[in-house]
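For reference, model-v6.cif is printed below; it contains mmCIF, C-alpha atoms and all ligand atoms.
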data_protein
loop_
_atom_site.label_atom_id
_atom_site.label_comp_id
_atom_site.auth_asym_id
_atom_site.auth_seq_id
_atom_site.Cartn_x
_atom_site.Cartn_y
_atom_site.Cartn_z
CA MET A 15 -115.69 49.91 126.97
CA LYS A 16 -114.64 50.05 123.33
CA ALA A 17 -114.96 53.27 121.39
CA ALA A 18 -114.72 54.05 117.68
CA VAL A 19 -113.48 57.50 116.74
CA LEU A 20 -114.70 58.27 113.23
CA TYR A 21 -112.29 60.66 111.64
CA SER A 22 -110.76 61.33 108.25
CA GLU A 23 -108.35 64.13 107.52
CA LYS A 24 -110.48 64.80 104.44
CA ILE A 25 -113.01 66.42 106.80
CA LYS A 26 -110.85 69.56 106.67
CA GLU A 27 -112.72 70.38 103.44
CA TYR A 28 -115.63 71.32 105.72
CA ASP A 29 -114.43 74.90 105.80
CA LEU A 30 -117.17 77.47 105.25
CA GLY A 31 -114.88 80.49 105.21
CA HIS A 32 -116.33 81.93 108.44
CA VAL A 33 -116.19 80.73 112.06
CA LEU A 34 -116.44 77.14 110.88
CA THR A 35 -112.89 76.51 109.72
CA GLY A 36 -111.29 73.36 108.37
CA GLU A 37 -108.33 73.50 110.72
CA ARG A 38 -110.49 72.79 113.79
CA TYR A 39 -110.42 69.09 112.95
CA GLU A 40 -106.65 68.82 112.62
CA ASN A 41 -106.18 70.82 115.83
CA PHE A 42 -108.41 68.39 117.63
CA MET A 43 -106.72 65.33 116.19
CA ARG A 44 -103.28 66.55 117.25
CA LEU A 45 -104.52 66.96 120.81
CA PHE A 46 -106.32 63.62 120.70
CA GLU A 47 -103.19 61.81 119.50
CA ASP A 48 -101.12 63.50 122.22
CA ILE A 49 -103.43 62.66 125.07
CA LEU A 50 -105.35 59.53 124.04
CA GLY A 51 -103.43 58.24 121.01
CA THR A 52 -102.08 55.15 122.78
CA ASN A 53 -105.28 54.22 124.61
CA PRO A 54 -106.12 50.64 123.51
CA ASP A 55 -109.86 51.14 124.03
CA LEU A 56 -110.10 53.82 121.34
CA GLU A 57 -109.86 52.98 117.66
CA ILE A 58 -109.72 55.58 114.89
CA ILE A 59 -111.82 54.52 111.93
CA GLU A 60 -111.89 56.22 108.54
CA PRO A 61 -115.50 56.75 107.46
CA PRO A 62 -116.69 56.41 103.85
CA TYR A 63 -118.54 59.07 101.85
CA ALA A 64 -122.30 58.55 101.94
CA THR A 65 -123.69 57.70 98.50
CA ASP A 66 -126.66 59.57 97.03
CA ALA A 67 -128.82 56.48 97.59
CA GLU A 68 -127.85 56.50 101.28
CA LEU A 69 -128.55 60.22 101.59
CA GLU A 70 -132.05 59.51 100.28
CA LEU A 71 -132.79 57.70 103.55
CA VAL A 72 -133.25 61.17 104.99
CA HIS A 73 -133.08 63.76 102.19
CA THR A 74 -135.19 64.33 99.08
CA GLU A 75 -133.76 63.44 95.68
CA GLU A 76 -134.39 66.98 94.44
CA TYR A 77 -132.46 68.48 97.35
CA ILE A 78 -129.48 66.14 96.84
CA LYS A 79 -129.40 67.18 93.17
CA ARG A 80 -129.54 70.90 94.03
CA VAL A 81 -126.67 70.51 96.51
CA GLY A 82 -124.83 68.60 93.77
CA ARG A 83 -125.07 71.74 91.64
CA TYR A 84 -123.72 73.82 94.58
CA GLU A 85 -126.80 76.05 94.61
CA SER A 86 -127.17 77.21 98.20
CA LYS A 87 -130.36 78.73 99.56
CA ASP A 88 -128.46 79.79 102.69
CA PRO A 89 -125.30 81.16 101.05
CA HIS A 90 -124.16 83.35 103.94
CA ASP A 91 -124.08 80.64 106.64
CA THR A 92 -123.91 77.57 104.44
CA PRO A 93 -122.08 78.25 101.16
CA LEU A 94 -121.69 75.22 98.89
CA SER A 95 -118.59 74.22 96.94
CA PRO A 96 -117.21 70.89 95.71
CA GLY A 97 -114.99 70.50 98.81
CA VAL A 98 -117.75 71.39 101.25
CA VAL A 99 -120.25 69.04 99.60
CA ARG A 100 -117.70 66.20 99.64
CA ALA A 101 -117.07 66.84 103.33
CA ALA A 102 -120.81 66.93 104.06
CA LYS A 103 -121.12 63.49 102.45
CA LEU A 104 -118.20 62.29 104.56
CA LEU A 105 -119.96 63.41 107.76
CA ALA A 106 -123.15 61.70 106.66
CA GLY A 107 -121.17 58.54 105.90
CA ALA A 108 -119.58 58.77 109.34
CA GLY A 109 -122.98 59.11 111.00
CA LYS A 110 -124.30 56.05 109.18
CA LEU A 111 -121.21 53.97 109.96
CA ALA A 112 -121.23 55.03 113.64
CA GLY A 113 -124.70 53.52 114.03
CA GLU A 114 -123.69 50.33 112.28
CA LEU A 115 -120.58 49.90 114.43
CA ILE A 116 -122.71 50.16 117.56
CA VAL A 117 -125.37 47.66 116.44
CA SER A 118 -122.65 45.24 115.29
CA GLY A 119 -121.59 44.95 118.94
CA ARG A 120 -117.96 45.74 118.10
CA PHE A 121 -118.14 49.04 119.99
CA ASP A 122 -120.39 50.47 122.66
CA LYS A 123 -119.34 54.08 122.03
CA ALA A 124 -118.77 55.93 118.76
CA PHE A 125 -117.67 59.51 118.18
CA VAL A 126 -118.32 61.37 114.95
CA ILE A 127 -115.63 64.04 114.87
CA GLY A 128 -116.96 67.24 113.35
CA GLY A 129 -120.51 65.86 113.32
CA GLY A 130 -123.82 66.99 114.77
CA VAL A 131 -125.69 68.70 111.94
CA GLN A 132 -128.64 70.38 113.65
CA HIS A 133 -130.38 72.80 111.35
CA ALA A 134 -130.49 71.03 107.97
CA THR A 135 -133.85 69.48 107.14
CA ARG A 136 -134.86 66.83 104.61
CA ASP A 137 -134.82 69.41 101.82
CA HIS A 138 -132.88 72.43 103.06
CA GLU A 139 -129.32 73.30 104.11
CA ARG A 140 -129.11 75.71 107.03
CA GLY A 141 -126.88 77.05 109.77
CA PHE A 142 -123.60 75.38 108.62
CA GLY A 143 -125.34 72.01 108.03
CA ILE A 144 -126.03 70.30 104.70
CA PHE A 145 -126.65 66.57 105.08
CA SER A 146 -128.06 65.37 108.38
CA ASP A 147 -125.48 62.95 109.82
CA VAL A 148 -127.69 62.48 112.89
CA GLY A 149 -130.81 61.94 110.81
CA LEU A 150 -129.11 59.46 108.48
CA CYS A 151 -127.70 57.52 111.43
CA ALA A 152 -131.13 57.23 113.06
CA GLU A 153 -133.11 56.50 109.87
CA ASN A 154 -130.65 53.81 108.82
CA LEU A 155 -130.83 52.11 112.23
CA MET A 156 -134.63 52.17 112.25
CA ARG A 157 -135.18 51.11 108.64
CA ASN A 158 -132.33 48.67 108.08
CA HIS A 159 -131.36 47.39 111.52
CA GLY A 160 -134.64 46.96 113.37
CA ILE A 161 -133.93 49.59 116.02
CA LYS A 162 -137.27 50.76 117.41
CA ARG A 163 -136.44 53.45 119.95
CA ILE A 164 -133.68 56.07 119.76
CA LEU A 165 -133.08 58.93 122.15
CA ILE A 166 -131.34 61.98 120.69
CA LEU A 167 -129.99 64.38 123.30
CA ASP A 168 -128.68 67.71 122.06
CA THR A 169 -126.81 69.85 124.58
CA ASP A 170 -125.24 72.16 122.01
CA ALA A 171 -125.99 75.87 122.56
CA HIS A 172 -128.27 75.98 119.50
CA ALA A 173 -131.69 74.36 119.28
CA SER A 174 -131.66 71.44 116.83
CA ASP A 175 -134.62 72.70 114.81
CA GLY A 176 -133.64 70.66 111.72
CA ILE A 177 -133.70 67.42 113.69
CA TYR A 178 -137.02 68.54 115.14
CA ARG A 179 -138.40 68.98 111.62
CA ILE A 180 -137.12 65.55 110.55
CA PHE A 181 -138.47 63.57 113.52
CA SER A 182 -141.23 65.67 115.15
CA GLN A 183 -143.92 63.24 113.94
CA ASP A 184 -142.03 60.04 114.75
CA PRO A 185 -142.62 58.46 118.19
CA ARG A 186 -139.66 56.10 117.68
CA VAL A 187 -137.32 59.05 118.20
CA LEU A 188 -137.33 60.92 121.49
CA HIS A 189 -135.54 64.18 120.80
CA ILE A 190 -134.42 66.38 123.70
CA SER A 191 -132.76 69.70 122.89
CA ILE A 192 -131.32 71.85 125.67
CA HIS A 193 -130.14 75.20 124.39
CA GLN A 194 -129.76 78.92 124.73
CA ASP A 195 -133.11 80.75 124.63
CA PRO A 196 -134.01 81.16 120.93
CA HIS A 197 -135.12 84.73 121.65
CA THR A 198 -131.40 85.43 122.07
CA LEU A 199 -129.77 83.06 119.57
CA TYR A 200 -130.04 81.38 116.16
CA PRO A 201 -132.19 79.55 114.98
CA GLY A 202 -135.06 81.39 116.73
CA LYS A 203 -136.83 78.06 117.25
CA GLY A 204 -136.85 75.47 120.02
CA PHE A 205 -139.40 76.95 122.42
CA ILE A 206 -140.83 75.02 125.31
CA ASP A 207 -144.19 74.43 123.64
CA GLU A 208 -142.60 72.70 120.61
CA ILE A 209 -143.31 69.15 121.77
CA GLY A 210 -143.75 67.28 118.48
CA GLU A 211 -146.73 66.76 116.19
CA GLY A 212 -149.21 64.03 115.24
CA ASP A 213 -147.99 60.59 116.38
CA GLY A 214 -144.84 62.26 117.63
CA GLU A 215 -146.61 64.59 120.05
CA GLY A 216 -144.78 64.45 123.38
CA TYR A 217 -141.63 62.94 121.81
CA SER A 218 -139.86 66.27 121.24
CA VAL A 219 -138.60 68.21 124.22
CA ASN A 220 -137.21 71.74 123.96
CA ILE A 221 -135.57 73.34 126.98
CA PRO A 222 -134.57 76.95 126.29
CA LEU A 223 -132.23 78.39 128.91
CA PRO A 224 -131.21 82.01 129.51
CA PRO A 225 -127.79 83.28 128.40
CA TRP A 226 -124.99 82.49 130.87
CA THR A 227 -126.62 79.36 132.20
CA SER A 228 -123.76 77.37 133.69
CA GLU A 229 -123.09 73.75 134.53
CA GLY A 230 -125.04 73.49 137.80
CA ALA A 231 -128.19 74.44 135.92
CA TYR A 232 -127.35 72.14 132.97
CA GLU A 233 -126.87 69.29 135.42
CA TYR A 234 -130.25 70.10 136.99
CA VAL A 235 -131.91 69.92 133.55
CA LEU A 236 -130.24 66.60 132.72
CA ARG A 237 -131.25 65.04 136.03
CA SER A 238 -134.82 66.33 135.94
CA ILE A 239 -135.59 65.84 132.23
CA PHE A 240 -133.12 63.62 130.37
CA VAL A 241 -132.54 60.90 133.00
CA PRO A 242 -136.22 60.22 133.89
CA LEU A 243 -137.25 60.32 130.22
CA ALA A 244 -134.47 57.90 129.26
CA GLU A 245 -135.56 55.53 132.03
CA GLU A 246 -139.17 55.60 130.90
CA PHE A 247 -138.56 55.54 127.11
CA GLU A 248 -135.94 52.75 127.30
CA PRO A 249 -134.08 53.60 124.07
CA LYS A 250 -131.94 50.98 122.35
CA LEU A 251 -129.17 53.56 122.13
CA ILE A 252 -128.52 57.23 122.88
CA MET A 253 -127.28 59.64 120.26
CA MET A 254 -125.95 62.95 121.50
CA ILE A 255 -124.97 66.19 119.86
CA ASP A 256 -122.55 68.32 121.76
CA GLY A 257 -119.27 70.09 121.34
CA SER A 258 -117.69 73.24 122.56
CA ASP A 259 -120.09 76.07 121.78
CA ILE A 260 -121.58 75.98 125.30
CA HIS A 261 -118.14 76.98 126.62
CA PHE A 262 -117.99 80.45 128.15
CA THR A 263 -115.42 81.66 125.60
CA ASP A 264 -117.51 80.91 122.52
CA ARG A 265 -117.75 83.74 120.00
CA ILE A 266 -121.26 83.16 118.66
CA THR A 267 -123.15 81.94 121.76
CA GLN A 268 -123.51 83.12 125.35
CA MET A 269 -123.61 80.06 127.58
CA GLY A 270 -121.48 79.61 130.68
CA LEU A 271 -120.01 76.12 130.83
CA THR A 272 -116.41 75.16 131.52
CA LEU A 273 -114.53 72.12 130.22
CA GLU A 274 -115.45 70.30 133.44
CA GLY A 275 -119.08 71.15 132.72
CA ILE A 276 -118.85 69.62 129.24
CA LYS A 277 -117.31 66.48 130.77
CA MET A 278 -120.09 66.36 133.37
CA ILE A 279 -122.70 66.14 130.60
CA GLY A 280 -120.83 63.20 129.06
CA ASN A 281 -120.60 61.52 132.48
CA ILE A 282 -124.36 61.72 133.01
CA VAL A 283 -125.05 60.38 129.52
CA ARG A 284 -122.61 57.48 130.04
CA LYS A 285 -124.12 56.47 133.37
CA THR A 286 -127.67 56.74 132.03
CA ALA A 287 -126.74 54.69 128.95
CA GLU A 288 -125.25 51.99 131.19
CA GLU A 289 -128.54 51.84 133.02
CA VAL A 290 -130.94 51.88 130.04
CA CYS A 291 -129.17 50.68 126.85
CA GLU A 292 -126.05 48.65 127.70
CA GLY A 293 -123.89 51.75 127.53
CA LYS A 294 -124.50 52.39 123.82
CA VAL A 295 -123.80 56.02 122.91
CA ILE A 296 -123.05 57.76 119.61
CA ASP A 297 -121.62 61.20 120.26
CA PHE A 298 -121.51 63.80 117.49
CA VAL A 299 -118.88 66.34 118.53
CA GLY A 300 -118.50 69.26 116.19
CA SER A 301 -119.54 72.63 117.53
CA GLY A 302 -117.32 75.34 118.99
CA TYR A 303 -116.27 78.72 117.63
CA SER A 304 -114.05 80.10 120.35
CA ARG A 305 -111.28 82.44 119.26
CA ASP A 306 -108.92 80.14 121.16
CA SER A 307 -108.79 77.02 118.97
CA MET A 308 -107.45 75.05 121.93
CA VAL A 309 -110.78 75.52 123.71
CA VAL A 310 -112.67 73.93 120.82
CA ALA A 311 -110.36 70.91 120.75
CA LEU A 312 -110.33 70.56 124.53
CA GLY A 313 -114.14 70.75 124.65
CA TRP A 314 -114.42 67.84 122.22
CA LEU A 315 -111.90 65.91 124.31
CA ALA A 316 -113.84 66.75 127.49
CA SER A 317 -116.92 65.26 125.93
CA ILE A 318 -115.06 62.08 124.94
CA ALA A 319 -113.64 61.82 128.46
CA GLY A 320 -117.12 62.08 129.96
CA VAL A 321 -118.81 59.64 127.59
CA THR A 322 -116.03 57.01 127.82
CA GLY A 323 -115.14 57.51 131.48
CA ILE A 324 -111.45 57.82 130.57
CA GLU A 325 -109.77 60.11 133.09
CA ILE A 326 -107.81 62.99 131.60
CA GLU A 327 -106.68 66.28 133.00
CA LEU A 328 -108.50 69.26 131.53
CA GLN A 329 -106.84 72.61 131.94
CA GLU A 330 -108.77 75.69 130.90
CA PRO A 331 -106.63 77.69 128.43
CA VAL A 332 -108.58 80.83 129.41
CA PRO A 333 -109.11 81.74 133.11
CA ILE A 334 -112.71 81.22 134.29
CA PRO A 335 -114.25 84.65 134.99
CA ASP A 336 -115.16 85.28 138.66
CA GLU A 337 -118.77 86.12 137.86
CA LEU A 338 -119.29 82.71 136.27
CA GLU A 339 -120.64 80.73 139.19
CA LYS A 340 -121.24 77.02 138.88
CA ASP A 341 -124.99 77.43 139.35
CA LEU A 342 -125.54 80.67 137.49
CA ARG A 343 -129.21 80.91 136.32
CA LEU A 344 -130.27 77.90 138.40
CA LYS A 345 -133.35 79.65 139.81
CA GLU A 346 -134.64 80.59 136.33
CA THR A 347 -133.83 77.09 135.12
CA GLU A 348 -135.93 75.49 137.87
CA LYS A 349 -138.93 77.52 136.73
CA ILE A 350 -138.39 76.53 133.09
CA ILE A 351 -138.27 72.86 134.09
CA GLU A 352 -141.56 73.16 135.97
CA LEU A 353 -143.11 74.69 132.87
CA ALA A 354 -141.68 71.94 130.62
CA LYS A 355 -143.05 69.23 132.91
CA GLY A 356 -146.45 70.91 132.60
CA TYR A 357 -146.33 70.52 128.81
CA LEU A 358 -145.02 66.95 128.95
CA GLY A 359 -146.99 65.51 131.91
CA LYS A 360 -149.73 64.31 129.60
CA TYR A 361 -147.32 62.03 127.74
CA TRP A 362 -144.87 60.81 130.38
CA LYS A 363 -145.58 59.11 133.72
CA CYS A 364 -142.33 60.46 135.17
CA PHE A 365 -143.70 64.00 134.91
CA VAL A 366 -147.15 63.41 136.36
CA THR A 367 -147.36 65.36 139.59
ZN ZN B 401 -124.25 75.07 118.21
#
If you took the structure in this file and wrote it as structure tokens, what would it be?
Ligand SMILES: [Zn+2]
Amino acid sequence: MKAAVLYSEKIKEYDLGHVLTGERYENFMRLFEDILGTNPDLEIIEPPYATDAELELVHTEEYIKRVGRYESKDPHDTPLSPGVVRAAKLLAGAGKLAGELIVSGRFDKAFVIGGGVQHATRDHERGFGIFSDVGLCAENLMRNHGIKRILILDTDAHASDGIYRIFSQDPRVLHISIHQDPHTLYPGKGFIDEIGEGDGEGYSVNIPLPPWTSEGAYEYVLRSIFVPLAEEFEPKLIMMIDGSDIHFTDRITQMGLTLEGIKMIGNIVRKTAEEVCEGKVIDFVGSGYSRDSMVVALGWLASIAGVTGIEIELQEPVPIPDELEKDLRLKETEKIIELAKGYLGKYWKCFVT
């Protein structure tokens, strides 16, 4: 196992003046250096800024120009300034490079620190995201590196509606988003019947889960949806979007996972990737808005531990509440999975009953 950790201290300019602060990245890096800094299998790599021509792989020219003038159409969540736009280009550059490092064979795992833009579309900034690092990574691999099948798994608490909009018609990208029920959380999209469109019908999977779903139920979803789909689709690599906003302490979401739960997700992705795509995983770790900044950093580390298989000790900085059982909401989750299989059975042999 060889992993690239794409990080530049310049990413601290991604500070939107609300829950998304620039210091999250430095906090994480301090912890990373402390715990994993001497691990010879991990290499920190400084990503470049994406150029406008590269951004055009996924975004419209007009949109790139508008962002260049710092004119935001989502000013409350996604204000634009020179520093923020530079940092957004840095994330996009990191996403593109992460894909290239994996196809070069130098690494089988890559982590984009601060990445995982979910809500931005080809021509619109939204929900803290400006340029789609995930979209650019995938488009570049498909157009310039001959990659024909990519699986994107998003386990962040929010539905990745922007990624859905970018790839919902493209059967080369199987996009699975597991998230808090959009009736109860931004972006209000990502319902179970959103399964893709046109040629991409059946290649988008949305699994909305009730608030306070915890890791037993998440594990059930991964084993009943993600693993069989990955085995049948046979992607060339797996991209994942995760982070810390599924942690029970998060300020803006209401899911119920612990650090061990976040690591469990990474473990399942690693083992599945070993089985279907020679272990190749690109992990975008960037979410997390807990008041306790240590939780955010530890969540990102938990994800890295799971995806790489490197053993580290994870101590919760905040005591786990008694009412948070490991399999909270499992019964409801089982019903949701049955429903999802009903929608998807037409497209996937693994779901034919
Ligand atoms: Zn999120």
Using all atoms listed in the file, find the one residue out of A:Val332, A:His261, A:Gly176, A:Thr286 that sits nearest to Ala316 in chain A.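 Closest residue, counting all atoms listed in the file: A:His261.
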Expected answer as a ChimeraX atom specification: residues within 6 Å of ligand ZN 401 (chain B), only C-alpha atoms and all ligand atoms: /A:170-172,259,301
Using 9 Å as the limit and counting all atoms listed in the file, can you tabulate each residue of range 87-188 of chain A that touches range 60-78 of chain A, with its shortest atom-to-atom distance in Å and the two atoms involved, as a tab-separated table?
residue	atom	partner	partner_atom	distance
A:Arg100	CA	A:Tyr63	CA	7.5
A:Ala101	CA	A:Tyr63	CA	8.0
A:Ala102	CA	A:Tyr63	CA	8.5
A:Lys103	CA	A:Ala64	CA	5.1
A:Leu104	CA	A:Tyr63	CA	4.2
A:Leu105	CA	A:Tyr63	CA	7.5
A:Ala106	CA	A:Ala64	CA	5.7
A:Gly107	CA	A:Ala64	CA	4.1
A:Ala108	CA	A:Pro61	CA	4.9
A:Gly109	CA	A:Pro61	CA	8.6
A:Lys110	CA	A:Ala64	CA	7.9
A:Leu111	CA	A:Pro61	CA	6.8
A:Ala112	CA	A:Pro61	CA	8.6
A:Thr135	CA	A:His73	CA	7.6
A:Arg136	CA	A:His73	CA	4.3
A:Asp137	CA	A:Tyr77	CA	5.1
A:His138	CA	A:Tyr77	CA	7.0
A:Glu139	CA	A:Tyr77	CA	8.9
A:Phe145	CA	A:Leu69	CA	7.5
A:Ser146	CA	A:Val72	CA	7.5
A:Gly149	CA	A:Val72	CA	6.4
A:Leu150	CA	A:Val72	CA	5.7
A:Glu153	CA	A:Leu71	CA	6.4
A:Asn154	CA	A:Leu71	CA	6.9
A:Arg157	CA	A:Leu71	CA	8.7
A:Ile180	CA	A:Val72	CA	8.1
Excluding Arg265 in chain A and any residue of its chain fewer than 5 positions from it, enumerate the residues within 7 Å of it, using all atoms listed in the file, and give them as a PyMOL selection string. chain A and resi 303-305
Could you work out an axis-aligned bounding box for all listed atoms of range 241-250 of chain A, with 8 Å added on each of the six sides, and give its centre and edge lengths in Å to one decimal, as JSON?
{"center_x": -135.6, "center_y": 55.9, "center_z": 128.1, "size_x": 23.2, "size_y": 25.9, "size_z": 27.5}
Residue among A:Met269, A:Leu243, A:Leu20, A:Ile334 lying closest to Phe365 in chain A, counting only C-alpha atoms: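 Between A:Met269, A:Leu243, A:Leu20, A:Ile334, the residue approaching Phe365 in chain A most closely is A:Leu243.
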To one decimal in Å, tell me the separation between CA of Glu233 in chain A and CA of Arg163 in chain A. 24.1 Å
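Note that the spacing between CA of Leu94 in chain A and CA of Val81 in chain A amounts to 7.3 Å.
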Could you tell me which of A:Ser182, A:Asn53, A:Thr347, A:Ser191 comes closest to Ala17 in chain A if we count all atoms listed in the file?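 Going through A:Ser182, A:Asn53, A:Thr347, A:Ser191 one by one, the smallest distance to Ala17 in chain A is for A:Asn53.
Shortest separation to Ser317 in chain A among A:Glu337, A:Glu85, A:Asp297, A:Glu215 occurs at residue A:Asp297, atoms counted being all atoms listed in the file.
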Would you output range 223-247 of chain A from that structure, restricted to N, CA and C atoms, as a compact mmCIF listing (two decimals), in the first residue's frame?
# COMPACT_ATOMS: atom_id res chain seq x y z
N LEU A 223 -31.34 8.46 4.68
CA LEU A 223 -31.50 7.77 5.97
C LEU A 223 -32.02 8.74 7.02
N PRO A 224 -32.80 8.24 7.99
CA PRO A 224 -33.36 9.16 8.98
C PRO A 224 -32.27 9.75 9.90
N PRO A 225 -32.55 10.94 10.47
CA PRO A 225 -31.61 11.49 11.44
C PRO A 225 -31.27 10.46 12.52
N TRP A 226 -30.07 10.52 13.02
CA TRP A 226 -29.53 9.65 14.07
C TRP A 226 -29.34 8.20 13.62
N THR A 227 -29.23 8.01 12.31
CA THR A 227 -28.79 6.69 11.86
C THR A 227 -27.34 6.52 12.33
N SER A 228 -27.04 5.35 12.88
CA SER A 228 -25.67 5.15 13.37
C SER A 228 -24.95 4.07 12.58
N GLU A 229 -23.76 3.66 13.08
CA GLU A 229 -22.88 2.90 12.18
C GLU A 229 -23.37 1.51 11.80
N GLY A 230 -24.15 0.86 12.67
CA GLY A 230 -24.66 -0.46 12.31
C GLY A 230 -25.52 -0.38 11.06
N ALA A 231 -26.34 0.68 11.00
CA ALA A 231 -27.21 0.86 9.84
C ALA A 231 -26.39 1.27 8.61
N TYR A 232 -25.38 2.13 8.80
CA TYR A 232 -24.52 2.51 7.67
C TYR A 232 -23.82 1.27 7.11
N GLU A 233 -23.36 0.41 8.02
CA GLU A 233 -22.67 -0.80 7.57
C GLU A 233 -23.63 -1.68 6.77
N TYR A 234 -24.88 -1.76 7.24
CA TYR A 234 -25.89 -2.54 6.53
C TYR A 234 -26.09 -1.99 5.10
N VAL A 235 -26.15 -0.67 4.97
CA VAL A 235 -26.32 -0.07 3.65
C VAL A 235 -25.13 -0.39 2.75
N LEU A 236 -23.93 -0.25 3.31
CA LEU A 236 -22.74 -0.51 2.49
C LEU A 236 -22.71 -1.96 2.01
N ARG A 237 -23.04 -2.88 2.92
CA ARG A 237 -22.98 -4.30 2.54
C ARG A 237 -24.12 -4.70 1.62
N SER A 238 -25.27 -4.02 1.72
CA SER A 238 -26.37 -4.44 0.84
C SER A 238 -26.46 -3.65 -0.45
N ILE A 239 -25.81 -2.49 -0.53
CA ILE A 239 -25.91 -1.67 -1.75
C ILE A 239 -24.53 -1.48 -2.40
N PHE A 240 -23.61 -0.88 -1.66
CA PHE A 240 -22.31 -0.54 -2.25
C PHE A 240 -21.52 -1.78 -2.69
N VAL A 241 -21.38 -2.77 -1.80
CA VAL A 241 -20.52 -3.92 -2.13
C VAL A 241 -21.05 -4.70 -3.34
N PRO A 242 -22.35 -5.10 -3.35
CA PRO A 242 -22.81 -5.84 -4.54
C PRO A 242 -22.76 -5.02 -5.83
N LEU A 243 -23.04 -3.72 -5.74
CA LEU A 243 -22.96 -2.89 -6.95
C LEU A 243 -21.52 -2.79 -7.45
N ALA A 244 -20.58 -2.63 -6.53
CA ALA A 244 -19.16 -2.55 -6.92
C ALA A 244 -18.74 -3.86 -7.60
N GLU A 245 -19.19 -4.99 -7.06
CA GLU A 245 -18.81 -6.28 -7.65
C GLU A 245 -19.39 -6.44 -9.05
N GLU A 246 -20.59 -5.95 -9.24
CA GLU A 246 -21.22 -6.10 -10.57
C GLU A 246 -20.70 -5.07 -11.58
N PHE A 247 -20.48 -3.84 -11.13
CA PHE A 247 -20.06 -2.75 -12.03
C PHE A 247 -18.59 -2.88 -12.43
